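K.L.:
Let me begin by handing over the structure; questions about it come next.
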There are 6 protein chains.
Amino acid sequence: MVRIEDIFQWIDSWAPFRYAESWDNCGLQVGSPLSRVTRLLVALDPASSVLREAKELGCQCVITHHPLLLRPISFVQTDSWPGSIISQAILSGINIIAAHTNLDAARHGANAQLKDLLKLGAVRPLEADALHCGEEQYLGMGLVGLLPGENTLESLAASLNGVFGGVAVVRITGDPGKPITTVAVCAGSGGSMMGKVLASGAEVFITGDLKYHDARFAEESGLAVIDIGHFASEKLILEPFGDFLRSKARSEAAELEVFVSRLEEDPFKLVG
Amino acid sequence: MVRIEDIFQWIDSWAPFRYAESWDNCGLQVGSPLSRVTRLLVALDPASSVLREAKELGCQCVITHHPLLLRPISFVQTDSWPGSIISQAILSGINIIAAHTNLDAARHGANAQLKDLLKLGAVRPLEADALHCGEEQYLGMGLVGLLPGENTLESLAASLNGVFGGVAVVRITGDPGKPITTVAVCAGSGGSMMGKVLASGAEVFITGDLKYHDARFAEESGLAVIDIGHFASEKLILEPFGDFLRSKARSEAAELEVFVSRLEEDPFKLVG
Amino acid sequence: MVRIEDIFQWIDSWAPFRYAESWDNCGLQVGSPLSRVTRLLVALDPASSVLREAKELGCQCVITHHPLLLRPISFVQTDSWPGSIISQAILSGINIIAAHTNLDAARHGANAQLKDLLKLGAVRPLEADALHCGEEQYLGMGLVGLLPGENTLESLAASLNGVFGGVAVVRITGDPGKPITTVAVCAGSGGSMMGKVLASGAEVFITGDLKYHDARFAEESGLAVIDIGHFASEKLILEPFGDFLRSKARSEAAELEVFVSRLEEDPFKLVG
Amino acid sequence: MVRIEDIFQWIDSWAPFRYAESWDNCGLQVGSPLSRVTRLLVALDPASSVLREAKELGCQCVITHHPLLLRPISFVQTDSWPGSIISQAILSGINIIAAHTNLDAARHGANAQLKDLLKLGAVRPLEADALHCGEEQYLGMGLVGLLPGENTLESLAASLNGVFGGVAVVRITGDPGKPITTVAVCAGSGGSMMGKVLASGAEVFITGDLKYHDARFAEESGLAVIDIGHFASEKLILEPFGDFLRSKARSEAAELEVFVSRLEEDPFKLVG
Amino acid sequence: MVRIEDIFQWIDSWAPFRYAESWDNCGLQVGSPLSRVTRLLVALDPASSVLREAKELGCQCVITHHPLLLRPISFVQTDSWPGSIISQAILSGINIIAAHTNLDAARHGANAQLKDLLKLGAVRPLEADALHCGEEQYLGMGLVGLLPGENTLESLAASLNGVFGGVAVVRITGDPGKPITTVAVCAGSGGSMMGKVLASGAEVFITGDLKYHDARFAEESGLAVIDIGHFASEKLILEPFGDFLRSKARSEAAELEVFVSRLEEDPFKLVG
Amino acid sequence: MVRIEDIFQWIDSWAPFRYAESWDNCGLQVGSPLSRVTRLLVALDPASSVLREAKELGCQCVITHHPLLLRPISFVQTDSWPGSIISQAILSGINIIAAHTNLDAARHGANAQLKDLLKLGAVRPLEADALHCGEEQYLGMGLVGLLPGENTLESLAASLNGVFGGVAVVRITGDPGKPITTVAVCAGSGGSMMGKVLASGAEVFITGDLKYHDARFAEESGLAVIDIGHFASEKLILEPFGDFLRSKARSEAAELEVFVSRLEEDPFKLVG
């Protein structure tokens, strides 16, 4: 019999919660550590459609990358987000857990997926917490590494376009013909890493959710940027995360079916 | 048809939410402004027994004096308070509203009830917010007034003993034989008002939930104190509050049954 | 003879600096109030290309929408932004002034331009500072108004696509077929206004620079969003601002040539 | 010849001042480290009656558990507490020292006395500072341990009633018939330890000075509580503390008479 | 019979305590509002020598310009300042009151004395609190005015040298031959007023206690400075303050002898 | 070829930047790490006259003891300090570096110079950062040591008078005849070290820039003080600092001429 508290320990063995940033709110969002789980859904966001999918699949647990309660709440208004999700979860008997920056910083997190996709070599972290360096499951926030072959900003961007499910178009900043060898990546929203990317010597920064002023700053700093979208850059992590949970369940001889969301979509659509 | 948002406006007309202290969290705790209400329960605390009582009475709304979420929360753990109450409320379709320091400061709040019980004359507030002074529904925090007849600390304390449902025994600080004419009252937990009570010239301070150091400070300051208990001092407000809601419903020709909790008890019992 | 301090007063008569947000840093960025000005360039960003354009045009002053020193600096490193701009400005004898949230909140600011473009009727501000309401030059932050004709989210988005110079593609969130009558607009980066947009009853929010979580929140709240890009949404203001300065110069019989940047471009390019 | 600075070092050897909480103010309250002491009084509170007792006994030093100046002062008003005590002390040549949370956390502090009284076995601290764990004089804040024999909440509470000088009646929260084996204790005012008590697995929490909301929270959490009073729970420490000082004086061949207050009383009296 | 509380009201009628800066601590420092006073000493500092002088004169009250407890204290160590003064005051039955920035900002404060000495005309405040402007007793912090006759920085400085009791030498910053017409003055320690002095158009700033960086900043700003010493610049106020108290006592037919300290000296002596 | 970044490393080897206080802003103030340097000027202050001297000497770098941007700036106003210096530096191609509290705490900093001048023996630091104790280049903030020969406060002060270039007169606090053996020194502005000086057992404190209240506090505490002036106390460091840079350049076979300011003067002049 698997309980929510077991799921915690499994996640903690793969992406330890102590790796989370101090401003983050990983772990239990709604539910009880003692609840039983036989079916579980992995997704990026604690959104209505994800909870509906979980309910239809008969899941008692949803693990999302983004925390439902990143900011504390003073009331649970059931007709507006995030109260609507709390209500939906309680009425459907669904527990919600978040694995956010602990997963970002872990050895098998979203940046590691980007690295594999790009076939980056000689990778090193953009930012590493001295407290955890050397731990087996720790990787750090963001990566920088070397791209194989000959590339320009434009050819690299074009090759990324269409690889990810969420966007059909990527945004770039910089001279399209700029040759690219050293690449920094940060899945999700990498704007706050700009200074470390510059210091790393990378020629291009691949990330998502860049603000206008970040892009202008990159331009002024001679750094090329490819914005592949927040959703696209993180969606990569879901299948490997699901695989880990399945193999963990098997190794514990636990009855647990693990699903990865099929219905979740990027909230941004392009028109034009 | 009465909705939760109507109940708000009714409360706001009797104990305006703008009277609440800045640290307080009055108003909606759990639920939706658009929910329909036909039966409503008034109580002091958002406790399990109160929610059970509400469910048994078929209520869709509980108004409590103490806010469920006085401190913001970062997760809803459904097997421990306050998450357990959020869960109970959502599963039973019950909306929870708090009317706390707005009610304390209102003309017909708990201090007004204490004043009537003691038959105090020439009353004035211990603390008044200049912003609201002169408003019809505003009274202020705490009261000071004159007691009719001849009293000592001991005779006054003895006369209060047994008047309230929650306690069989009151605690006093000071010389039992001290003559008492001027009385300060503050329903609930009045420790933070000690300075204003001293400045008011009162000979005794009747309140609840006094800490040891408050009692010692009163003793050093020559101020007598009668601690009648937090629960007892506030329970008085429930019936008048219920009456107000009933009369409001009548005047609006609204179908609403209002109940005052019969099962709620003081969490403190005496042994000895 | 026009001095920088005169330019200040002109701006202040059109977009009073007291309208600026408390976190903002409008006004002089680099230079001296006593410097003489005969040629002036208006642009969105204090970027290298803009300073080069100003130098080539023989300008002694650049007015940018975005402040060079939004965050205070502890050193002026001349080979990295913003120190590079400070150095460029001082070496070229160029004074830099910012007109940012004072311009956003002014009657003839960027939101007013969006309103005209969309032919919105019955407009009212999304957020208004009680201190300035009723002042002739004050409009407020963001607008909400009624769109003429019959529109869906998709048709509206398509009609906006290509109108602005900076983007060839806009991003939408929501059901493409949703009928749209009430529109909220906020030029620049409107993510922080989401709560006020929801409260306004708008069916769509047109703004720029939305983050992923803002888009997801909009989706969960049933609010459609059209992200037209930060650059595109603000570029509209430059010509009217230039026109104002020219007419002011004429009315003061002052010798001042006013240019609007022709070379400034959106830092984001689309690939795909 | 014994000086105040010697008394400090003696206390520091038994209840090291570095064990004090960061918000506390242990150590010298009034006087000079160089003052000579031949007679010394130990008490709980820096109250007028205690200072009178000290003066009558010819003491030059009073050690109190509660600090006179827990909160810093901006004036010494000699006709109101705590200025009145400062004035009394200076006029009587009495030095005042506080040994508060350093004593609570020490091996022979008030919790250790409660443990002996209850004959608790297998005790461990509720909260321990990693910095001091393993130090010979360090115990931690609060204790949890096993009660010998068969007990219910009611029988345990009844057995405590009358044991302590300060109260004739104790307050309980919880089902009187609940069987009790594991007991948490925290002398003084233990409300802030509630979370750690719950995590400890204790069935009852014996402490003093509980607030109403603490009691309600305990009730909601299924934790029984016995409130024996702040005064009663700490009075136990005075005799052992006096004994320590006497033996220390003997071992140093110092002329010092140590008295424990005979006149100090609980400020709360019960009526009813 | 005059009490300390009467002295308060007298001071308050001349230099209202509400004029004090928010960081200041004017009013009672040690003693009781109800103490009787027949003899009173006025001085700048709550120093040992001043308390001895007060005791020898038989005073029950010392009014000092500088507060004894500008920063709150957590213990009264009687062998080091300020505890030593508290102890001396209590043992000698002396009450200590401070009249500090309320006096600085008052119509007859130290700046007014400097103005009279310099025969400044057309004076206006350097800084005025909008809350008190127009009140009869309010003047503001610092003054700026016009000097009669022809002066240079050097001749003005030389004329000030020797006028004050405390210093034999003043320090200047700036070109000795600079002609001076407009003068800013701020008794005490005026370094924080430098920005307002610059904005006032003054050619010289006469004040005390300037730090090195203030002097360098003045030099870089083309502002001349004459540092006449903190003590010297404030000593002027003592006699007029004493006169006021005497006349107040006479008008109230109160028995009160007022002394101005004869023994207080500048702590700085020059050598060389 | 020497670059600014090389100069940094040289300074860092002699007075490591990690020794700087947390509130300080040492390092680059204006310029670029990559700028070339062939001539360099060392001075105390980033003042106009120092920059003129640097320009006349053909220097591309000025190292000052006091940081230009101790407080962050939100605009660069080129006609007032510090913007005027930024402008002067950029127009003259001069880079400005600050070596402030890192130099104060270093083995060969200003306190070491004072120690040599006074021939102090048995020196130890007044305050030492546990993080750096034992490092070869670390000394600590302030020094205390033994003075050879027989001295009184007056004879010591007289012997110091005239030794330093900046002042002709020193200020003392205390009994001129007091015998002096143990001396504390703190170059610059030592007021905040008063508590540590008292604890050190020093009989006199030699420092600069003392405020009036510091002097009064010293007087009340029985501590003698000699104020030799901020400028004078720090000027001593310039020649040794210049010598170090010259020898470093020689040992690196680098072409670098090092000048020590000849024109810089104390902003304070005495009159009288």
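The chains in the structure tokens are called A, B, ... from first to last as shown; in each chain the residues are counted from 1, and the ligands are counted from 1 in the order shown.
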Quick check: residues of chain B within 6 Å of chain D, only C-alpha atoms, returned as a list in words.
P.N.:
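Contact residues on the first chain: Val169, Val170, Arg171, Ile172, Thr173, Asp209, Lys211, Ala215, Arg216, Pro267, Phe268, Lys269, Leu270, Val271 and Gly272 of chain B.
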K.L.:
Keeping only C-alpha atoms, write those residues as a short mmCIF file (atom, residue, chain, number, x, y, z; two decimals), in the first residue's frame.
P.N.:
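Saved the output as result_10.cif:
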```cif
data_model
loop_
_atom_site.label_atom_id
_atom_site.label_comp_id
_atom_site.auth_asym_id
_atom_site.auth_seq_id
_atom_site.Cartn_x
_atom_site.Cartn_y
_atom_site.Cartn_z
CA VAL B 169 -14.64 30.04 38.53
CA VAL B 170 -13.06 33.40 37.75
CA ARG B 171 -9.50 34.47 38.53
CA ILE B 172 -8.77 37.76 40.24
CA THR B 173 -5.67 39.81 40.92
CA ASP B 209 -7.26 35.13 28.70
CA LYS B 211 -1.22 36.01 30.83
CA ALA B 215 -1.53 39.89 35.99
CA ARG B 216 1.76 40.66 37.72
CA PRO B 267 -12.03 24.22 25.72
CA PHE B 268 -10.90 24.74 29.33
CA LYS B 269 -12.47 22.62 32.07
CA LEU B 270 -11.54 23.03 35.70
CA VAL B 271 -10.43 20.14 37.87
CA GLY B 272 -10.12 20.43 41.61
#
```
K.L.:
Between CA of Asp104 (chain A) and CA of Val204 (chain A), what is the distance in Å, rounded to a tenth?
P.N.:
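Answer for the CA of Asp104 (chain A) to CA of Val204 (chain A) separation: 20.0 Å.
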K.L.:
For CA of Leu147 (chain B) and CA of Leu120 (chain B), quote the distance in Å rounded to one decimal.
P.N.:
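If I compute the distance from CA of Leu147 (chain B) to CA of Leu120 (chain B), I get 5.0 Å.
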K.L.:
What's the 12 Å shell around Glu53 (chain C), counting only C-alpha atoms, without same-chain residues fewer than 2 positions away, as a ChimeraX atom specification?
P.N.:
/C:39-43,46-51,55-62,88-89,92,94,259-264
K.L.:
Convert the current residue selection to file output with N, CA, C and O atoms, as a tab-separated table (two decimals), in the first residue's frame.
P.N.:
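Result went into selection-v9.tsv, see below:
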```
chain	number	residue	atom	x	y	z
C	39	ARG	N	18.76	69.99	-30.19
C	39	ARG	CA	18.21	68.83	-30.89
C	39	ARG	C	17.99	67.72	-29.87
C	39	ARG	O	18.83	67.49	-29.01
C	40	LEU	N	16.91	67.01	-30.02
C	40	LEU	CA	16.46	66.06	-28.99
C	40	LEU	C	15.87	64.83	-29.67
C	40	LEU	O	15.16	64.96	-30.67
C	41	LEU	N	16.16	63.65	-29.10
C	41	LEU	CA	15.65	62.40	-29.66
C	41	LEU	C	14.74	61.71	-28.64
C	41	LEU	O	15.09	61.61	-27.46
C	42	VAL	N	13.61	61.21	-29.11
C	42	VAL	CA	12.67	60.47	-28.26
C	42	VAL	C	12.74	58.99	-28.65
C	42	VAL	O	12.70	58.68	-29.84
C	43	ALA	N	12.85	58.08	-27.63
C	43	ALA	CA	12.94	56.65	-27.93
C	43	ALA	C	12.39	55.85	-26.75
C	43	ALA	O	12.07	56.42	-25.70
C	46	PRO	N	17.14	53.33	-23.38
C	46	PRO	CA	18.48	53.92	-23.36
C	46	PRO	C	19.51	52.87	-23.81
C	46	PRO	O	20.27	52.34	-22.98
C	47	ALA	N	19.48	52.56	-25.10
C	47	ALA	CA	20.35	51.51	-25.66
C	47	ALA	C	21.45	52.15	-26.50
C	47	ALA	O	21.33	53.31	-26.91
C	48	SER	N	22.49	51.40	-26.75
C	48	SER	CA	23.64	51.91	-27.51
C	48	SER	C	23.22	52.45	-28.87
C	48	SER	O	23.67	53.52	-29.30
C	49	SER	N	22.35	51.72	-29.55
C	49	SER	CA	21.97	52.14	-30.90
C	49	SER	C	21.23	53.47	-30.85
C	49	SER	O	21.37	54.31	-31.72
C	50	VAL	N	20.44	53.67	-29.80
C	50	VAL	CA	19.70	54.93	-29.65
C	50	VAL	C	20.68	56.07	-29.39
C	50	VAL	O	20.55	57.16	-29.96
C	51	LEU	N	21.70	55.83	-28.58
C	51	LEU	CA	22.68	56.90	-28.35
C	51	LEU	C	23.48	57.21	-29.60
C	51	LEU	O	23.79	58.37	-29.86
C	55	LYS	N	23.66	60.79	-31.45
C	55	LYS	CA	24.92	61.46	-31.76
C	55	LYS	C	24.97	61.85	-33.24
C	55	LYS	O	25.35	62.98	-33.59
C	56	GLU	N	24.54	60.91	-34.07
C	56	GLU	CA	24.56	61.20	-35.51
C	56	GLU	C	23.63	62.35	-35.87
C	56	GLU	O	23.89	63.12	-36.80
C	57	LEU	N	22.53	62.45	-35.12
C	57	LEU	CA	21.57	63.54	-35.37
C	57	LEU	C	22.00	64.84	-34.71
C	57	LEU	O	21.33	65.86	-34.86
C	58	GLY	N	23.10	64.81	-33.97
C	58	GLY	CA	23.56	66.03	-33.30
C	58	GLY	C	22.72	66.41	-32.09
C	58	GLY	O	22.64	67.59	-31.72
C	59	CYS	N	22.08	65.44	-31.44
C	59	CYS	CA	21.22	65.73	-30.28
C	59	CYS	C	22.05	65.87	-29.01
C	59	CYS	O	23.04	65.16	-28.81
C	60	GLN	N	21.63	66.77	-28.12
C	60	GLN	CA	22.24	66.90	-26.80
C	60	GLN	C	21.36	66.26	-25.73
C	60	GLN	O	21.67	66.30	-24.53
C	61	CYS	N	20.22	65.71	-26.14
C	61	CYS	CA	19.30	65.13	-25.15
C	61	CYS	C	18.57	63.95	-25.76
C	61	CYS	O	18.16	63.99	-26.93
C	62	VAL	N	18.44	62.87	-24.95
C	62	VAL	CA	17.61	61.73	-25.32
C	62	VAL	C	16.56	61.55	-24.22
C	62	VAL	O	16.92	61.49	-23.05
C	88	GLN	N	28.94	56.56	-22.77
C	88	GLN	CA	28.61	57.03	-24.12
C	88	GLN	C	27.96	58.42	-24.06
C	88	GLN	O	28.29	59.31	-24.84
C	89	ALA	N	27.03	58.59	-23.11
C	89	ALA	CA	26.30	59.85	-22.99
C	89	ALA	C	27.26	60.98	-22.61
C	89	ALA	O	27.23	62.06	-23.19
C	92	SER	N	29.60	61.92	-25.42
C	92	SER	CA	28.94	62.57	-26.56
C	92	SER	C	28.21	63.84	-26.14
C	92	SER	O	27.50	64.44	-26.97
C	94	ILE	N	25.61	64.07	-24.24
C	94	ILE	CA	24.16	63.83	-24.31
C	94	ILE	C	23.57	63.68	-22.91
C	94	ILE	O	24.11	62.95	-22.08
C	259	PHE	N	13.36	64.77	-32.72
C	259	PHE	CA	13.36	63.58	-33.55
C	259	PHE	C	12.75	62.40	-32.80
C	259	PHE	O	12.90	62.31	-31.58
C	260	VAL	N	12.12	61.51	-33.52
C	260	VAL	CA	11.66	60.25	-32.95
C	260	VAL	C	12.52	59.15	-33.56
C	260	VAL	O	12.75	59.14	-34.78
C	261	SER	N	13.00	58.24	-32.72
C	261	SER	CA	13.94	57.23	-33.19
C	261	SER	C	13.38	56.46	-34.38
C	261	SER	O	12.25	55.97	-34.36
C	262	ARG	N	14.21	56.35	-35.42
C	262	ARG	CA	13.83	55.57	-36.61
C	262	ARG	C	14.50	54.19	-36.58
C	262	ARG	O	14.07	53.28	-37.27
C	263	LEU	N	15.54	54.04	-35.77
C	263	LEU	CA	16.37	52.83	-35.84
C	263	LEU	C	16.06	51.82	-34.75
C	263	LEU	O	16.45	50.65	-34.85
C	264	GLU	N	15.37	52.26	-33.71
C	264	GLU	CA	15.09	51.36	-32.59
C	264	GLU	C	14.20	50.19	-33.03
C	264	GLU	O	13.21	50.38	-33.71
```
K.L.:
Could you please write out, as a ChimeraX atom specification, every residue of region 133-266 of chain B that DSSP assigns to strand (DSSP E)?
P.N.:
/B:141-146,170-173,182-189,204-208,224-227,257-260
K.L.:
For region 121-125 of chain E, please output as a ChimeraX atom specification all residues within 9 Å (counting only C-alpha atoms; exclusion window: fewer than 5 positions along the same chain).
P.N.:
/E:115,139-148
K.L.:
Can you spit out the residues from that selection as a compact mmCIF listing (two decimals), in the first residue's frame, using C-alpha atoms?
P.N.:
```
# COMPACT_ATOMS: atom_id res chain seq x y z
CA LYS E 115 20.40 84.54 14.24
CA LEU E 139 10.33 78.02 13.63
CA GLY E 140 11.78 74.94 11.85
CA MET E 141 15.16 73.18 11.70
CA GLY E 142 18.01 75.52 10.75
CA LEU E 143 17.76 79.04 9.36
CA VAL E 144 19.00 80.94 6.36
CA GLY E 145 19.25 84.74 6.26
CA LEU E 146 21.20 87.80 5.15
CA LEU E 147 24.26 89.11 6.94
CA PRO E 148 24.58 92.88 7.35
```
K.L.:
Please provide the set of residues having any atom within 12 Å of Ser22 (chain B), restricted to only C-alpha atoms, with same-chain residues fewer than 2 positions apart removed, written as an mmCIF file with N, CA, C and O atoms, in the first residue's frame.
P.N.:
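Result file selection.cif:
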```
data_model
loop_
_atom_site.group_PDB
_atom_site.id
_atom_site.type_symbol
_atom_site.label_atom_id
_atom_site.label_comp_id
_atom_site.auth_asym_id
_atom_site.auth_seq_id
_atom_site.Cartn_x
_atom_site.Cartn_y
_atom_site.Cartn_z
ATOM 1 N N PHE B 17 -16.831 45.960 8.163
ATOM 2 C CA PHE B 17 -15.532 45.284 8.090
ATOM 3 C C PHE B 17 -14.370 46.266 8.142
ATOM 4 O O PHE B 17 -13.274 45.905 8.525
ATOM 5 N N ARG B 18 -14.611 47.527 7.789
ATOM 6 C CA ARG B 18 -13.516 48.505 7.844
ATOM 7 C C ARG B 18 -13.103 48.817 9.287
ATOM 8 O O ARG B 18 -12.077 49.447 9.512
ATOM 9 N N TYR B 19 -13.880 48.372 10.273
ATOM 10 C CA TYR B 19 -13.488 48.573 11.681
ATOM 11 C C TYR B 19 -12.429 47.558 12.130
ATOM 12 O O TYR B 19 -11.887 47.661 13.221
ATOM 13 N N ALA B 20 -12.176 46.540 11.322
ATOM 14 C CA ALA B 20 -11.249 45.470 11.741
ATOM 15 C C ALA B 20 -9.817 46.009 11.886
ATOM 16 O O ALA B 20 -9.408 46.933 11.184
ATOM 17 N N ASP B 24 -5.836 41.694 11.418
ATOM 18 C CA ASP B 24 -6.915 40.719 11.472
ATOM 19 C C ASP B 24 -7.222 40.191 10.068
ATOM 20 O O ASP B 24 -6.688 40.688 9.078
ATOM 21 N N ASN B 25 -8.055 39.158 9.970
ATOM 22 C CA ASN B 25 -8.455 38.606 8.674
ATOM 23 C C ASN B 25 -9.935 38.267 8.701
ATOM 24 O O ASN B 25 -10.328 37.110 8.757
ATOM 25 N N CYS B 26 -10.745 39.323 8.713
ATOM 26 C CA CYS B 26 -12.191 39.106 8.730
ATOM 27 C C CYS B 26 -12.677 38.816 7.319
ATOM 28 O O CYS B 26 -11.963 38.981 6.350
ATOM 29 N N LEU B 70 -6.333 33.220 10.502
ATOM 30 C CA LEU B 70 -5.753 34.462 11.017
ATOM 31 C C LEU B 70 -4.342 34.611 10.472
ATOM 32 O O LEU B 70 -3.910 35.709 10.138
ATOM 33 N N HIS B 100 -14.723 39.386 13.342
ATOM 34 C CA HIS B 100 -13.876 39.372 14.519
ATOM 35 C C HIS B 100 -13.710 40.787 15.106
ATOM 36 O O HIS B 100 -14.601 41.286 15.777
ATOM 37 N N THR B 101 -12.595 41.447 14.818
ATOM 38 C CA THR B 101 -12.405 42.752 15.470
ATOM 39 C C THR B 101 -13.352 43.813 14.919
ATOM 40 O O THR B 101 -13.558 44.834 15.561
ATOM 41 N N ASN B 102 -13.922 43.581 13.736
ATOM 42 C CA ASN B 102 -14.977 44.508 13.292
ATOM 43 C C ASN B 102 -16.168 44.424 14.252
ATOM 44 O O ASN B 102 -16.780 45.440 14.581
ATOM 45 N N ASP B 129 -10.708 54.631 17.154
ATOM 46 C CA ASP B 129 -10.013 54.976 15.920
ATOM 47 C C ASP B 129 -10.596 56.280 15.382
ATOM 48 O O ASP B 129 -11.786 56.354 15.054
#
```
K.L.:
Run DSSP on the backbone and grab whatever in region 122-218 of chain D lands in alpha helix (DSSP H); send it over as a list of chain:residue names.
P.N.:
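Answer for region 122-218 of chain D restricted to alpha helix (DSSP H) is D:Leu153, D:Glu154, D:Ser155, D:Leu156, D:Ala157, D:Ala158, D:Ser159, D:Leu160, D:Met194, D:Gly195, D:Lys196, D:Val197, D:Leu198, D:Ala199, D:Ser200, D:Tyr212, D:His213, D:Asp214, D:Ala215, D:Arg216, D:Phe217, D:Ala218.
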K.L.:
Between CA of Arg36 (chain E) and CA of Ala249 (chain E), what is the spacing in Å?
P.N.:
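Separation of CA of Ala249 (chain E) and CA of Arg36 (chain E): 13.8 Å.
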K.L.:
Using only C-alpha atoms, determine which residues lie at most 8 Å from Gly201 (chain E), disregarding the query and same-chain residues fewer than 3 positions distant; provide the list as a PyMOL selection string.
P.N.:
chain E and resi 182+197-198
K.L.:
Compile the contact shell of Ser74 (chain C) as a list in words: residues with an atom at most 9 Å away, counting only C-alpha atoms, same-chain residues fewer than 4 positions apart removed.
P.N.:
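The residues that qualify are Asn25, Gln29, Leu69, Leu70, Arg71, Pro72 and Ile73 of chain F.
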